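Everything below concerns the one structure shown next.
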Amino acid sequence: MHGRLEMLGILIRIALQNLFASKLKTLIVGGIICFGALLVVLGSAMTDTIGQGIKGSVIHSLAGHLQVYSDRSKDELALYGGMTGDVDLTPMEDFSKVKQAIAAVPNVKAVVPMGIGEAFAGSGNALDRALESLRAVVKRQLAGETGEAIDREYQARKNFVRRMVGLFEKELGGAIAQAVEPTAADRQSFEDLKRSASDEFWAEFEKDKLAGLEFLENKVAPQALEGDMLFVRYVGTDPQAYQQAFDRFEIAEGQMIPPGKRGILLGKVYYDQWLKMKTAFRLDRIHDGLAVGRTIAKDEELKRFVKENTQQVRDIVTQLDELGEKEMVGRIQKELGSQETELGKLLVQLFQTDDGNFERRYQFFYEQLAPMLRLYSVQVGETITIKAFTKSGYVKSVNVKVWGICQYRGMEKSQFSGMMSVMDLMSFRDLYGYMSAENLAEIDKLKQAAGARQVDRENAEADLFGGGGEVVAEAKAQGFDENALLDKAARRTDQSEKTYTREELEKGVALNSAIVLEDPSKAEETRAAIEAVIAKEKLGLKVVDWQKASGMVGQFVNMLTLVLFTAVLIIFAVALVIINNSMVMATLQRIKEIGTLRAIGAQRRFVLGMIGVETLAVGLLFGALGSALGSGLVKLIAMRGIPATSDEMYFIFSGPALRPYLSGTNLVIAFAIVLVVSVLSAFYPAVIATRITPLEAMSSEE
């Protein structure tokens, strides 16, 4: 034992002497090992951070850690949509049973009901809003309010409506002129528009303002060419349970849907991208682009936004009546130092922005002009009509109040999360086509009012066709009035003010359910326990993890993870090749030295041990240095952050910037890999060198 320790000491002394004797070679080999360690540390940190970022984006915005849905479903669950659109899921008829069973499983923090849907929302148009403002002034006049101020406001509102009607007449007239065969309805619509734009109509308007408003609202406003319907994607859920389960969910504007109430929270990205005035939206995009280092002078997209803003000022002009237009002209003239009096031309001048003046004009727009405009076609607090095709194929519509705008902290600009709106569960069930107890009770009342009765199959033909008169006579004898029934059906009680109980919310249909865990590291164990409970209770459900549940996004995550791991493997391979080549060259250059040692009696294993100790010493020193430098570089990048320059990068980074982090485990693994690669790279050329005879080695030039 003593002899082995003495031999080891000799090996270490000789190895260190060799290293100090060949400082240049040692520094070259060590520098390469240091660089390899830095690459491995940085690559592993970036890969782990991006992987965790995507995972966090999905889990904390919609999926939860696990999802359950009916195992009788035709398609697999895909929260973000499948390859052919929304998937066909068999509903869970009674969510309360599912929640009760799964919530009892250890490590389950929350069970949230869900249902993904797509629908169209009515947003109204500028003429509707102008007529609403005019009607409000007319009502004040009819109520007896008089004076110069209200007369001036009335004239401004009326002239504004008249100007808009004239614009719509030109637009529709041009469309009809270009039509090959305009329909009778098209021609009638154009005649109504011509009438509303005529002097005779406005003379009659002064005699009967309410009748004139009714004509404009019913015959003219529906023809406005602005978008009346908007596509909206939503998740139907219990808003309170959803907010508690997903800690990144927050209200950006407005308020949360009150417990038990109907309503919708529009996604912030959706709200800005589809409901915001296009001019303001483009200004925001330019502002965001400049914030991450892009320039108007060199960026083609930003140039296009500037050009479109100068060409599309109509959205602003058509919002203002005479008083508002005069006020805006004055503000822009003061800002630009211009004598131009036409609002449209002033706006063109204002929006001719470059890298030097954009920030000032951007601030001016929001401080001085935006308060005079309606920036969003739908405002918080308004009620919108949402229409969707039910699973039975017919169109269903519900009126829901927009309680607020929602977003996910750290993912404020992510398309994947920000386009999704949150709707209450009862409204979702209506749009899905689910017949609640309330719906069934209403149908029963209508049947009773209509005097409807059950007809046997064998007597159906006779009762419905041959004896129809008797059925109708019987109904009329009971006081049935067809028109009254239709009127009653049309004037259904507004459900928006009703408050639903917890039992009503949970004891009904849900398409899927998110499961949030207390300890995510025990996901597989908890999943097995949930599956056992499902089998025991015969619930007929399938359990999937967040990645499987996210559909196309999950496939994207797999693809991106594969790309990242491939990149890291390439880094490893590059480090291996560099280190191996350097060690081979360094070892082969010592063939003469090795031959001399062999000639004076050194055994092969002594030579191998000496080279191994040298390599280990260099690897430990420079590998540790490279790992330390890599850790420092990771921290430096984390402090500054890699900015997300696109919506997709917001989702991948799970925030506005990528801030990589390095765990202690990854640091140790990276250091160990570099050390092992260094030793193995030196071992192979050392074996080759020791196979050369002392005579061959000593006679060699190298």
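Chain labels run A, B, ... following the order of the structure tokens; each chain numbers its residues from 1, and ligands are numbered from 1 in the order shown.
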Name all residues at most 7 Å from range 267-279 of chain A (count only C-alpha atoms; drop same-chain ones fewer than 5 positions away) and give them as a ChimeraX atom specification. /A:309,375-378,405-407,413,415,418-421
Could you write out the selected residues, including C-alpha atoms, as a compact mmCIF listing (two decimals), in the first residue's frame?
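Generated output (selection-v9.txt):
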```txt
# COMPACT_ATOMS: atom_id res chain seq x y z
CA ASN A 309 -51.67 54.88 -40.93
CA LEU A 375 -60.54 53.14 -29.46
CA TYR A 376 -62.37 49.81 -29.08
CA SER A 377 -65.48 48.68 -30.91
CA VAL A 378 -66.54 46.89 -27.72
CA ILE A 405 -60.13 42.17 -20.13
CA CYS A 406 -57.92 39.30 -18.99
CA GLN A 407 -54.30 38.32 -19.54
CA LYS A 413 -48.37 39.46 -25.63
CA GLN A 415 -50.91 34.85 -29.11
CA GLY A 418 -53.90 36.10 -25.14
CA MET A 419 -56.37 35.18 -27.89
CA MET A 420 -58.44 33.03 -25.53
CA SER A 421 -61.39 34.66 -23.76
```
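When DSSP is run on the backbone, the residues of range 210-265 of chain A that fall into strand (DSSP E) are Met229, Leu230, Phe231, Val232, Arg233, Tyr234, Val235, Gly236, Thr237, Phe249, Glu250, Ile251, Ala252, Glu253, Gly254, Ile264 and Leu265 of chain A.
Across the structure, CA of Phe671 in chain A and CA of Lys635 in chain A are spaced 17.2 Å apart.
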Find the residues near Gly619 in chain A: any atom within 12 Å, counting only C-alpha atoms, skip ones fewer than 4 places away on the same chain, and give them as a PyMOL selection string. chain A and resi 26-27+29-37+579+583+611-615+623-627+671-682
Using only C-alpha atoms, please write the residues we just selected to a file, as a JSON list (two decimals), in the first residue's frame.
```json
[["chain", "number", "residue", "atom", "x", "y", "z"],
["A", 26, "THR", "CA", -0.94, 23.47, -21.17],
["A", 27, "LEU", "CA", -2.62, 26.84, -21.72],
["A", 29, "VAL", "CA", -5.21, 22.56, -24.20],
["A", 30, "GLY", "CA", -6.68, 24.11, -21.05],
["A", 31, "GLY", "CA", -8.20, 26.98, -23.01],
["A", 32, "ILE", "CA", -9.93, 24.54, -25.34],
["A", 33, "ILE", "CA", -11.28, 22.56, -22.38],
["A", 34, "CYS", "CA", -12.39, 25.82, -20.76],
["A", 35, "PHE", "CA", -14.26, 26.87, -23.92],
["A", 36, "GLY", "CA", -15.88, 23.43, -24.21],
["A", 37, "ALA", "CA", -17.08, 23.62, -20.60],
["A", 579, "ILE", "CA", -10.84, 18.60, -26.99],
["A", 583, "MET", "CA", -5.27, 16.15, -26.69],
["A", 611, "ILE", "CA", -0.73, 11.33, -18.92],
["A", 612, "GLY", "CA", -4.00, 10.61, -17.14],
["A", 613, "VAL", "CA", -2.98, 12.65, -14.10],
["A", 614, "GLU", "CA", -1.84, 15.52, -16.31],
["A", 615, "THR", "CA", -5.09, 15.49, -18.24],
["A", 623, "GLY", "CA", -13.06, 22.68, -16.70],
["A", 624, "ALA", "CA", -13.91, 24.40, -13.42],
["A", 625, "LEU", "CA", -12.83, 27.73, -14.89],
["A", 626, "GLY", "CA", -14.98, 27.17, -18.01],
["A", 627, "SER", "CA", -17.97, 26.13, -15.89],
["A", 671, "PHE", "CA", -18.54, 19.78, -15.60],
["A", 672, "ALA", "CA", -18.42, 15.99, -15.33],
["A", 673, "ILE", "CA", -19.10, 15.55, -19.06],
["A", 674, "VAL", "CA", -16.24, 17.89, -19.99],
["A", 675, "LEU", "CA", -13.90, 16.16, -17.54],
["A", 676, "VAL", "CA", -14.73, 12.68, -18.82],
["A", 677, "VAL", "CA", -14.40, 13.80, -22.44],
["A", 678, "SER", "CA", -10.98, 15.31, -21.66],
["A", 679, "VAL", "CA", -9.66, 12.15, -19.98],
["A", 680, "LEU", "CA", -11.02, 9.85, -22.69],
["A", 681, "SER", "CA", -9.62, 12.11, -25.41],
["A", 682, "ALA", "CA", -6.12, 11.87, -23.89]]
```
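The closest residue to Glu322 in chain A, picked from A:Lys522, A:Lys536, A:Arg502, A:Arg152 and counting only C-alpha atoms, is A:Arg152.
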Would you compute the distance between CA of Val533 in chain A and CA of Tyr80 in chain A? Give it in Å to one decimal. 27.6 Å
Neighbour list for Gly117 in chain A as a VMD selection string, cut-off 10 Å, only C-alpha atoms, skip fewer than 5 positions in-chain: chain A and resid 79 81 86 to 87 232 to 236 388 to 390 420 to 421 423 428 431 to 432
Cut-off 12 Å: closest range 492-520 of chain A/range 545-552 of chain A atom pairs per residue, using only C-alpha atoms, as a tab-separated table:
```
residue	atom	partner	partner_atom	distance
A:Asn512	CA	A:Ala549	CA	10.0
A:Ser513	CA	A:Ala549	CA	10.6
A:Ala514	CA	A:Trp546	CA	9.0
A:Ile515	CA	A:Asp545	CA	9.5
A:Val516	CA	A:Trp546	CA	10.2
A:Leu517	CA	A:Asp545	CA	11.6
A:Pro520	CA	A:Asp545	CA	11.1
```
Take the residues from that selection and write them out as a compact mmCIF listing (two decimals), in the first residue's frame, keeping C-alpha atoms.
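Saved as out.txt:
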```
# COMPACT_ATOMS: atom_id res chain seq x y z
CA ASN A 512 -63.04 18.51 -20.09
CA SER A 513 -61.49 19.45 -16.81
CA ALA A 514 -58.10 20.84 -15.78
CA ILE A 515 -56.40 19.32 -12.76
CA VAL A 516 -53.87 21.45 -10.89
CA LEU A 517 -51.50 19.66 -8.50
CA PRO A 520 -46.05 18.81 -9.81
```
